[in-house]
$ cat my_file-v6.txt   # compact mmCIF, C-alpha atoms
# COMPACT_ATOMS: atom_id res chain seq x y z
CA MET A 445 -23.67 5.01 7.76
CA THR A 446 -24.34 1.42 8.80
CA LEU A 447 -24.95 0.31 5.22
CA ALA A 448 -21.69 1.98 4.14
CA PHE A 449 -19.81 0.06 6.85
CA TRP A 450 -21.26 -3.27 5.71
CA ALA A 451 -20.60 -2.38 2.08
CA ASN A 452 -16.94 -1.78 2.92
CA LEU A 453 -16.76 -5.24 4.49
CA ARG A 454 -18.36 -6.76 1.39
CA TYR A 455 -15.90 -5.38 -1.20
CA ALA A 456 -12.82 -5.61 1.03
CA ALA A 457 -13.43 -9.16 2.30
CA GLY A 458 -11.15 -12.10 1.62
CA ILE A 459 -13.55 -13.14 -1.15
CA PRO A 460 -14.82 -9.75 -2.35
CA ASP A 461 -18.50 -9.30 -3.11
CA PRO A 462 -18.59 -5.92 -4.87
CA HIS A 463 -22.08 -6.46 -6.24
CA GLY A 464 -23.39 -7.18 -2.77
CA ALA A 465 -21.65 -4.01 -1.60
CA LEU A 466 -23.28 -2.00 -4.37
CA ASN A 467 -26.71 -3.31 -3.41
CA LEU A 468 -26.16 -1.96 0.10
CA ILE A 469 -24.92 1.41 -1.16
CA ASP A 470 -27.82 1.69 -3.61
CA GLY A 471 -30.12 1.15 -0.65
CA ALA A 472 -28.41 3.96 1.24
CA LEU A 473 -28.62 6.28 -1.78
CA SER A 474 -32.18 5.34 -2.73
CA ASP A 475 -33.62 8.39 -1.00
CA ARG A 476 -30.73 10.83 -1.07
CA ARG A 477 -33.06 13.70 -0.23
CA LYS A 478 -32.92 12.46 3.35
CA ILE A 479 -29.11 12.69 3.38
CA ARG A 480 -28.46 16.17 4.73
CA SER A 481 -24.68 15.89 5.02
CA PRO A 482 -22.67 16.34 1.80
CA ARG A 483 -19.83 14.48 3.51
CA VAL A 484 -22.04 11.44 4.07
CA LEU A 485 -23.10 11.58 0.42
CA ALA A 486 -19.45 11.89 -0.67
CA MET A 487 -18.54 8.90 1.49
CA LEU A 488 -21.30 6.77 -0.04
CA HIS A 489 -20.17 7.64 -3.56
CA ALA A 490 -16.58 6.85 -2.55
CA ARG A 491 -17.67 3.43 -1.24
CA ALA A 492 -19.51 2.82 -4.52
CA ALA A 493 -16.35 3.73 -6.45
CA ARG A 494 -14.32 1.17 -4.51
CA ALA A 495 -16.94 -1.50 -5.10
CA HIS A 496 -17.07 -0.77 -8.84
CA SER A 497 -13.27 -0.76 -9.07
CA THR A 498 -13.12 -4.11 -7.27
CA ALA A 499 -15.61 -5.41 -9.84
CA GLY A 500 -13.40 -4.05 -12.65
CA ASP A 501 -15.93 -1.49 -13.92
CA ALA A 502 -13.73 1.55 -14.61
CA THR A 503 -16.45 3.75 -16.12
CA ALA A 504 -18.77 3.35 -13.13
CA ALA A 505 -15.91 3.71 -10.65
CA TRP A 506 -14.72 7.04 -12.06
CA HIS A 507 -18.30 8.28 -12.33
CA GLN A 508 -18.68 7.63 -8.59
CA ILE A 509 -15.34 9.31 -7.82
CA ASP A 510 -16.55 12.42 -9.67
CA ALA A 511 -19.83 12.28 -7.75
CA ALA A 512 -17.93 12.02 -4.46
CA PHE A 513 -15.88 15.13 -5.20
CA THR A 514 -18.98 17.00 -6.39
CA ALA A 515 -20.84 16.14 -3.18
CA TYR A 516 -17.87 17.14 -1.05
CA GLY A 517 -17.69 20.45 -2.91
CA ARG A 518 -21.07 21.33 -1.36
CA ALA A 519 -19.91 20.60 2.19
CA ASP A 520 -20.01 23.33 4.81
CA VAL A 521 -17.31 23.80 7.44
CA LEU A 522 -16.72 20.67 9.48
CA GLU A 523 -18.24 22.23 12.60
CA ALA A 524 -21.58 22.43 10.77
CA ASP A 525 -21.51 18.75 9.79
CA LEU A 526 -21.81 15.48 11.68
CA PRO A 527 -18.82 15.14 14.03
CA SER A 528 -18.34 11.53 12.91
CA MET A 529 -17.56 12.69 9.37
CA TYR A 530 -14.37 14.58 10.28
CA TRP A 531 -12.32 12.13 8.21
CA ILE A 532 -13.98 12.91 4.88
CA THR A 533 -11.65 15.41 3.22
CA HIS A 534 -10.37 16.05 -0.29
CA GLY A 535 -7.34 14.04 0.77
CA GLU A 536 -9.44 11.03 1.78
CA LEU A 537 -11.30 11.14 -1.53
CA HIS A 538 -8.00 11.22 -3.40
CA GLN A 539 -6.89 8.16 -1.41
CA VAL A 540 -10.09 6.41 -2.50
CA ALA A 541 -9.47 7.46 -6.10
CA ALA A 542 -5.92 6.12 -5.86
CA SER A 543 -7.02 2.79 -4.43
CA SER A 544 -9.69 2.53 -7.12
CA ALA A 545 -7.13 3.23 -9.84
CA LEU A 546 -4.86 0.54 -8.43
CA SER A 547 -7.71 -1.99 -8.46
CA LEU A 548 -8.33 -1.03 -12.09
CA ASN A 549 -4.67 -1.60 -13.03
CA GLU A 550 -3.99 2.11 -13.51
CA PRO A 551 -0.89 2.49 -11.27
CA ARG A 552 0.21 5.85 -12.68
CA LYS A 553 -3.20 7.37 -11.99
CA ALA A 554 -3.06 5.79 -8.55
CA LEU A 555 0.24 7.49 -7.74
CA GLU A 556 -1.08 10.86 -8.96
CA ASN A 557 -3.97 10.58 -6.52
CA PHE A 558 -1.83 9.29 -3.65
CA ALA A 559 0.34 12.39 -4.10
CA ALA A 560 -2.69 14.71 -4.29
CA ALA A 561 -4.07 13.18 -1.09
CA VAL A 562 -1.28 14.65 1.03
CA THR A 563 -0.53 17.84 -0.90
CA HIS A 564 -4.06 19.20 -1.33
CA VAL A 565 -5.07 22.22 0.76
CA ASP A 566 -7.51 19.86 2.52
CA PRO A 567 -5.13 16.89 2.89
CA TYR A 568 -5.39 13.41 4.30
CA ASP A 569 -4.37 13.63 7.96
CA THR A 570 -1.43 11.21 8.17
CA ALA A 571 -0.75 12.10 11.80
CA ARG A 572 -4.28 11.31 12.93
CA GLU A 573 -5.00 8.43 10.55
CA THR A 574 -1.93 6.29 11.23
CA ARG A 575 -3.49 2.96 10.33
CA GLY A 576 -4.98 4.31 7.10
CA THR A 577 -1.67 5.92 6.19
CA VAL A 578 0.09 2.56 6.41
CA ILE A 579 -2.57 0.92 4.26
CA TYR A 580 -2.28 3.62 1.60
CA GLN A 581 1.53 3.52 1.69
CA ALA A 582 1.47 -0.23 1.04
CA ARG A 583 -0.75 0.44 -1.95
CA GLN A 584 1.68 3.12 -3.16
CA ALA A 585 4.48 0.56 -3.02
CA GLU A 586 2.30 -1.79 -5.05
CA ALA A 587 1.74 0.93 -7.67
CA HIS A 588 5.48 1.63 -7.90
CA LEU A 589 6.18 -2.08 -8.37
CA ALA A 590 3.55 -2.25 -11.11
CA LEU A 591 5.39 0.54 -12.93
CA GLY A 592 8.77 -1.14 -12.44
CA ASP A 593 10.12 1.54 -10.08
CA VAL A 594 11.81 -0.79 -7.60
CA ASP A 595 13.65 1.93 -5.67
CA ALA A 596 10.46 3.90 -5.00
CA ALA A 597 8.60 0.72 -4.02
CA LEU A 598 11.35 -0.23 -1.57
CA ASP A 599 11.43 3.25 -0.07
CA VAL A 600 7.70 3.31 0.58
CA GLY A 601 7.61 -0.35 1.58
CA HIS A 602 10.19 0.17 4.31
CA GLN A 603 8.19 3.14 5.61
CA VAL A 604 5.26 0.72 5.93
CA ILE A 605 7.34 -1.82 7.83
CA ASP A 606 8.74 0.83 10.18
CA ALA A 607 5.26 2.23 10.88
CA MET A 608 3.79 -1.20 11.50
CA GLY A 609 6.05 -1.63 14.51
CA GLY A 610 3.46 0.32 16.48
CA ILE A 611 0.24 -0.70 14.75
CA ASP A 612 -1.87 -3.74 15.55
CA SER A 613 -4.46 -4.02 12.80
CA ALA A 614 -5.66 -7.02 10.81
CA ARG A 615 -6.52 -4.73 7.90
CA THR A 616 -3.03 -3.20 7.90
CA THR A 617 -1.23 -6.54 7.97
CA GLY A 618 -3.68 -7.80 5.35
CA THR A 619 -2.71 -4.94 3.05
CA LEU A 620 0.97 -5.81 3.44
CA ALA A 621 0.09 -9.44 2.70
CA GLU A 622 -1.55 -8.26 -0.53
CA LEU A 623 1.65 -6.41 -1.40
CA ARG A 624 3.68 -9.57 -0.77
CA GLY A 625 1.30 -11.48 -3.03
CA GLN A 626 1.79 -9.16 -6.00
CA PRO A 627 3.30 -10.84 -9.08
CA THR A 628 6.64 -9.31 -9.90
CA GLY A 629 9.62 -10.38 -11.94
CA ARG A 630 11.92 -8.66 -9.47
CA ARG A 631 11.86 -11.16 -6.59
CA HIS A 632 15.43 -12.12 -7.47
CA ILE A 633 16.57 -8.69 -6.22
CA PRO A 634 17.50 -9.27 -2.55
CA ALA A 635 15.98 -6.03 -1.28
CA VAL A 636 12.70 -6.71 -3.09
CA ALA A 637 12.59 -10.29 -1.80
CA GLU A 638 13.22 -9.02 1.74
CA LEU A 639 10.35 -6.53 1.47
CA LEU A 640 7.89 -8.96 -0.10
CA ASN A 641 8.75 -11.71 2.37
CA TYR A 642 8.49 -9.48 5.43
CA SER A 643 6.07 -10.86 7.99
CA ALA A 644 4.72 -8.46 10.59
$ encode --input "my_file-v6.txt" --output "structure tokens"
Amino acid sequence: MTLAFWANLRYAAGIPDPHGALNLIDGALSDRRKIRSPRVLAMLHARAARAHSTAGDATAAWHQIDAAFTAYGRADVLEADLPSMYWITHGELHQVAASSALSLNEPRKALENFAAAVTHVDPYDTARETRGTVIYQARQAEAHLALGDVDAALDVGHQVIDAMGGIDSARTTGTLAELRGQPTGRRHIPAVAELLNYSA
């Protein structure tokens, strides 16, 4: 768990170090026979997928996404697992897949997974995971912009801004900053400029 936390910091830092993150995850996975929780194993594979996607290695990233879903498929009921792993669901893994797709410049695949994250029978808990929901919504807006769907990007982007009124998180505001930094030929549209120039 500790190595996964540090790996997350490595690939999500201001200057990402995905290879450093992968070294940490490889260390955690080196003796997987000691990992008794399928949810922990799924989480480690998900972290590896994000690191590979940040490094631009699509083949390795999708291999790790598949491994995460496979591991999660062996999970018992939550009550039989570690209480701290409540947040690992099919929905969370789809959010990871979506974020990975976005990092790999596959916005359509990202949107498919963002949608699956909240419609699956085991969905991402948007009510409980408010901060994460805002982060993922900002990434959805980014995917819509990448596909040229300005209206959808504005709709989701304004949901992010509204939600951020009650959230104090460096990671959340950082995600919105990333959205503002996205190259787009649509900054001349007033509504797009307003969204991209918003400062929380």
$ closest_residue --input "my_file-v6.txt" --among "A:Leu522, A:Leu537, A:Ala492, A:Ala505" --to "Tyr568 (chain A)" --atoms "only C-alpha atoms"
A:Leu537
$ closest_residue --input "my_file-v6.txt" --among "A:Leu526, A:Ile532, A:Ile579, A:Leu546" --to "Asp566 (chain A)" --atoms "all atoms listed in the file"
A:Ile532
$ residues_near_point --input "my_file-v6.txt" --point "(-5.0, 9.9, -1.7)" --cutoff "8 Å" --atoms "only C-alpha atoms" --output "number ranges by chain"
A: 535-543, 557-562, 568, 580
$ atom_distance --input "my_file-v6.txt" --atom1 "CA of Ala554 (chain A)" --atom2 "CA of Ile459 (chain A)"
22.9 Å
$ residues_around --input "my_file-v6.txt" --residues "Val484 (chain A)" --least-positions-apart "2" --cutoff "9 Å" --atoms "only C-alpha atoms" --output "ChimeraX atom specification"
/A:445,479-482,486-489,515-516,526,529,532
$ write_last_selection --input "my_file-v6.txt" --atoms "C-alpha atoms" --output "PDB file, in the coordinates of the input"
ATOM      1  CA  MET A 445     -23.670   5.010   7.760  1.00  0.00           C
ATOM      2  CA  ILE A 479     -29.110  12.690   3.380  1.00  0.00           C
ATOM      3  CA  ARG A 480     -28.460  16.170   4.730  1.00  0.00           C
ATOM      4  CA  SER A 481     -24.680  15.890   5.020  1.00  0.00           C
ATOM      5  CA  PRO A 482     -22.670  16.340   1.800  1.00  0.00           C
ATOM      6  CA  ALA A 486     -19.450  11.890  -0.670  1.00  0.00           C
ATOM      7  CA  MET A 487     -18.540   8.900   1.490  1.00  0.00           C
ATOM      8  CA  LEU A 488     -21.300   6.770  -0.040  1.00  0.00           C
ATOM      9  CA  HIS A 489     -20.170   7.640  -3.560  1.00  0.00           C
ATOM     10  CA  ALA A 515     -20.840  16.140  -3.180  1.00  0.00           C
ATOM     11  CA  TYR A 516     -17.870  17.140  -1.050  1.00  0.00           C
ATOM     12  CA  LEU A 526     -21.810  15.480  11.680  1.00  0.00           C
ATOM     13  CA  MET A 529     -17.560  12.690   9.370  1.00  0.00           C
ATOM     14  CA  ILE A 532     -13.980  12.910   4.880  1.00  0.00           C
TER      15      ILE A 532
END
$ atom_distance --input "my_file-v6.txt" --atom1 "CA of Ser544 (chain A)" --atom2 "CA of Asn467 (chain A)"
18.4 Å
$ residues_around --input "my_file-v6.txt" --residues "Gly517 (chain A)" --least-positions-apart "5" --cutoff "10 Å" --atoms "all atoms listed in the file" --output "mmCIF file with C-alpha atoms, keeping the file's coordinate frame"
data_model
loop_
_atom_site.group_PDB
_atom_site.id
_atom_site.type_symbol
_atom_site.label_atom_id
_atom_site.label_comp_id
_atom_site.auth_asym_id
_atom_site.auth_seq_id
_atom_site.Cartn_x
_atom_site.Cartn_y
_atom_site.Cartn_z
ATOM 1 C CA PRO A 482 -22.670 16.340 1.800
ATOM 2 C CA ARG A 483 -19.830 14.480 3.510
ATOM 3 C CA ALA A 486 -19.450 11.890 -0.670
ATOM 4 C CA ALA A 511 -19.830 12.280 -7.750
ATOM 5 C CA ALA A 512 -17.930 12.020 -4.460
ATOM 6 C CA THR A 533 -11.650 15.410 3.220
ATOM 7 C CA HIS A 534 -10.370 16.050 -0.290
#
$ atom_distance --input "my_file-v6.txt" --atom1 "CA of Gln603 (chain A)" --atom2 "CA of Ala495 (chain A)"
27.7 Å
$ closest_residue --input "my_file-v6.txt" --among "A:Thr514, A:Thr577, A:Thr503, A:Asn549" --to "Val600 (chain A)" --atoms "all atoms listed in the file"
A:Thr577
$ residues_around --input "my_file-v6.txt" --residues "Gly500 (chain A)" --least-positions-apart "2" --cutoff "8 Å" --atoms "all atoms listed in the file" --output "PyMOL selection string"
chain A and resi 496-498+502+547-548
$ decode --input "my_file-v6.txt" --residues "region 464-590 of chain A" --atoms "C-alpha atoms" --output "JSON list (two decimals), in the first residue's frame"
[["chain", "number", "residue", "atom", "x", "y", "z"],
["A", 464, "GLY", "CA", 10.39, 5.64, -10.94],
["A", 465, "ALA", "CA", 6.75, 4.85, -10.19],
["A", 466, "LEU", "CA", 7.00, 1.56, -12.05],
["A", 467, "ASN", "CA", 10.08, 0.58, -10.07],
["A", 468, "LEU", "CA", 8.07, 1.03, -6.86],
["A", 469, "ILE", "CA", 5.11, -0.94, -8.20],
["A", 470, "ASP", "CA", 7.37, -3.72, -9.45],
["A", 471, "GLY", "CA", 8.75, -3.92, -5.93],
["A", 472, "ALA", "CA", 5.24, -4.25, -4.52],
["A", 473, "LEU", "CA", 4.35, -6.94, -7.08],
["A", 474, "SER", "CA", 7.63, -8.83, -6.82],
["A", 475, "ASP", "CA", 6.14, -11.39, -4.44],
["A", 476, "ARG", "CA", 2.46, -11.29, -5.31],
["A", 477, "ARG", "CA", 1.88, -14.56, -3.48],
["A", 478, "LYS", "CA", 1.96, -12.52, -0.29],
["A", 479, "ILE", "CA", -0.81, -10.24, -1.56],
["A", 480, "ARG", "CA", -3.96, -11.87, -0.24],
["A", 481, "SER", "CA", -6.41, -9.17, -1.30],
["A", 482, "PRO", "CA", -7.49, -9.18, -4.97],
["A", 483, "ARG", "CA", -8.46, -5.52, -4.52],
["A", 484, "VAL", "CA", -4.92, -4.62, -3.48],
["A", 485, "LEU", "CA", -3.58, -6.49, -6.50],
["A", 486, "ALA", "CA", -6.09, -4.71, -8.77],
["A", 487, "MET", "CA", -5.04, -1.36, -7.31],
["A", 488, "LEU", "CA", -1.36, -2.08, -7.96],
["A", 489, "HIS", "CA", -2.06, -3.03, -11.57],
["A", 490, "ALA", "CA", -4.16, 0.13, -11.94],
["A", 491, "ARG", "CA", -1.28, 2.25, -10.62],
["A", 492, "ALA", "CA", 1.05, 0.52, -13.09],
["A", 493, "ALA", "CA", -1.39, 1.31, -15.92],
["A", 494, "ARG", "CA", -1.35, 5.01, -15.03],
["A", 495, "ALA", "CA", 2.43, 5.04, -14.89],
["A", 496, "HIS", "CA", 2.73, 3.32, -18.27],
["A", 497, "SER", "CA", 0.16, 5.67, -19.80],
["A", 498, "THR", "CA", 2.06, 8.68, -18.46],
["A", 499, "ALA", "CA", 5.18, 7.24, -20.10],
["A", 500, "GLY", "CA", 3.25, 6.84, -23.38],
["A", 501, "ASP", "CA", 3.43, 3.03, -23.47],
["A", 502, "ALA", "CA", -0.07, 2.07, -24.63],
["A", 503, "THR", "CA", 0.54, -1.68, -24.92],
["A", 504, "ALA", "CA", 1.84, -1.98, -21.35],
["A", 505, "ALA", "CA", -0.86, 0.34, -20.00],
["A", 506, "TRP", "CA", -3.74, -1.67, -21.45],
["A", 507, "HIS", "CA", -2.11, -4.92, -20.36],
["A", 508, "GLN", "CA", -2.11, -3.58, -16.79],
["A", 509, "ILE", "CA", -5.73, -2.41, -17.09],
["A", 510, "ASP", "CA", -6.72, -5.94, -18.14],
["A", 511, "ALA", "CA", -4.74, -7.35, -15.22],
["A", 512, "ALA", "CA", -6.50, -4.97, -12.82],
["A", 513, "PHE", "CA", -9.95, -6.08, -13.97],
["A", 514, "THR", "CA", -8.90, -9.74, -13.84],
["A", 515, "ALA", "CA", -7.64, -9.36, -10.28],
["A", 516, "TYR", "CA", -10.79, -7.53, -9.23],
["A", 517, "GLY", "CA", -12.88, -10.32, -10.76],
["A", 518, "ARG", "CA", -11.48, -12.63, -8.06],
["A", 519, "ALA", "CA", -12.45, -10.30, -5.21],
["A", 520, "ASP", "CA", -14.79, -11.51, -2.50],
["A", 521, "VAL", "CA", -17.48, -9.33, -0.95],
["A", 522, "LEU", "CA", -16.09, -6.12, 0.50],
["A", 523, "GLU", "CA", -16.74, -7.26, 4.06],
["A", 524, "ALA", "CA", -14.24, -10.09, 3.54],
["A", 525, "ASP", "CA", -11.52, -7.73, 2.29],
["A", 526, "LEU", "CA", -9.38, -5.05, 3.88],
["A", 527, "PRO", "CA", -11.64, -2.18, 5.02],
["A", 528, "SER", "CA", -9.23, 0.34, 3.50],
["A", 529, "MET", "CA", -9.89, -1.05, 0.02],
["A", 530, "TYR", "CA", -13.58, -0.07, -0.08],
["A", 531, "TRP", "CA", -12.86, 2.36, -2.93],
["A", 532, "ILE", "CA", -11.63, -0.26, -5.40],
["A", 533, "THR", "CA", -14.67, -1.04, -7.55],
["A", 534, "HIS", "CA", -15.32, -1.73, -11.21],
["A", 535, "GLY", "CA", -16.19, 1.95, -11.46],
["A", 536, "GLU", "CA", -12.84, 3.04, -10.03],
["A", 537, "LEU", "CA", -10.99, 0.78, -12.46],
["A", 538, "HIS", "CA", -12.95, 2.27, -15.35],
["A", 539, "GLN", "CA", -11.95, 5.74, -14.13],
["A", 540, "VAL", "CA", -8.31, 4.61, -14.18],
["A", 541, "ALA", "CA", -8.78, 3.18, -17.68],
["A", 542, "ALA", "CA", -10.33, 6.47, -18.79],
["A", 543, "SER", "CA", -7.51, 8.55, -17.35],
["A", 544, "SER", "CA", -4.98, 6.22, -18.95],
["A", 545, "ALA", "CA", -6.70, 6.54, -22.33],
["A", 546, "LEU", "CA", -6.64, 10.32, -22.02],
["A", 547, "SER", "CA", -2.90, 10.28, -21.27],
["A", 548, "LEU", "CA", -2.46, 8.11, -24.36],
["A", 549, "ASN", "CA", -4.38, 10.57, -26.56],
["A", 550, "GLU", "CA", -7.37, 8.24, -26.94],
["A", 551, "PRO", "CA", -10.19, 10.62, -25.90],
["A", 552, "ARG", "CA", -13.03, 8.52, -27.31],
["A", 553, "LYS", "CA", -11.88, 5.48, -25.36],
["A", 554, "ALA", "CA", -11.53, 7.72, -22.32],
["A", 555, "LEU", "CA", -15.15, 8.87, -22.57],
["A", 556, "GLU", "CA", -16.38, 5.28, -22.97],
["A", 557, "ASN", "CA", -14.67, 4.36, -19.72],
["A", 558, "PHE", "CA", -15.78, 7.51, -17.89],
["A", 559, "ALA", "CA", -19.36, 6.56, -18.80],
["A", 560, "ALA", "CA", -18.87, 2.93, -17.73],
["A", 561, "ALA", "CA", -17.47, 4.09, -14.39],
["A", 562, "VAL", "CA", -20.82, 5.47, -13.26],
["A", 563, "THR", "CA", -23.20, 3.11, -15.06],
["A", 564, "HIS", "CA", -21.66, -0.23, -14.12],
["A", 565, "VAL", "CA", -23.48, -2.39, -11.57],
["A", 566, "ASP", "CA", -20.50, -1.75, -9.27],
["A", 567, "PRO", "CA", -20.11, 1.98, -10.00],
["A", 568, "TYR", "CA", -17.76, 4.71, -8.89],
["A", 569, "ASP", "CA", -19.33, 6.30, -5.80],
["A", 570, "THR", "CA", -19.68, 9.96, -6.83],
["A", 571, "ALA", "CA", -21.47, 10.86, -3.60],
["A", 572, "ARG", "CA", -18.71, 9.49, -1.38],
["A", 573, "GLU", "CA", -15.74, 10.35, -3.59],
["A", 574, "THR", "CA", -16.48, 14.03, -4.21],
["A", 575, "ARG", "CA", -12.90, 15.13, -4.78],
["A", 576, "GLY", "CA", -12.19, 12.25, -7.16],
["A", 577, "THR", "CA", -15.42, 12.95, -9.03],
["A", 578, "VAL", "CA", -14.32, 16.52, -9.71],
["A", 579, "ILE", "CA", -10.93, 15.33, -10.94],
["A", 580, "TYR", "CA", -12.50, 12.81, -13.30],
["A", 581, "GLN", "CA", -15.07, 15.34, -14.55],
["A", 582, "ALA", "CA", -12.27, 17.77, -15.44],
["A", 583, "ARG", "CA", -10.64, 14.97, -17.41],
["A", 584, "GLN", "CA", -13.95, 14.26, -19.16],
["A", 585, "ALA", "CA", -14.11, 17.91, -20.21],
["A", 586, "GLU", "CA", -10.57, 17.57, -21.55],
["A", 587, "ALA", "CA", -11.59, 14.50, -23.58],
["A", 588, "HIS", "CA", -14.60, 16.32, -25.03],
["A", 589, "LEU", "CA", -12.39, 19.26, -26.03],
["A", 590, "ALA", "CA", -9.94, 16.87, -27.68]]
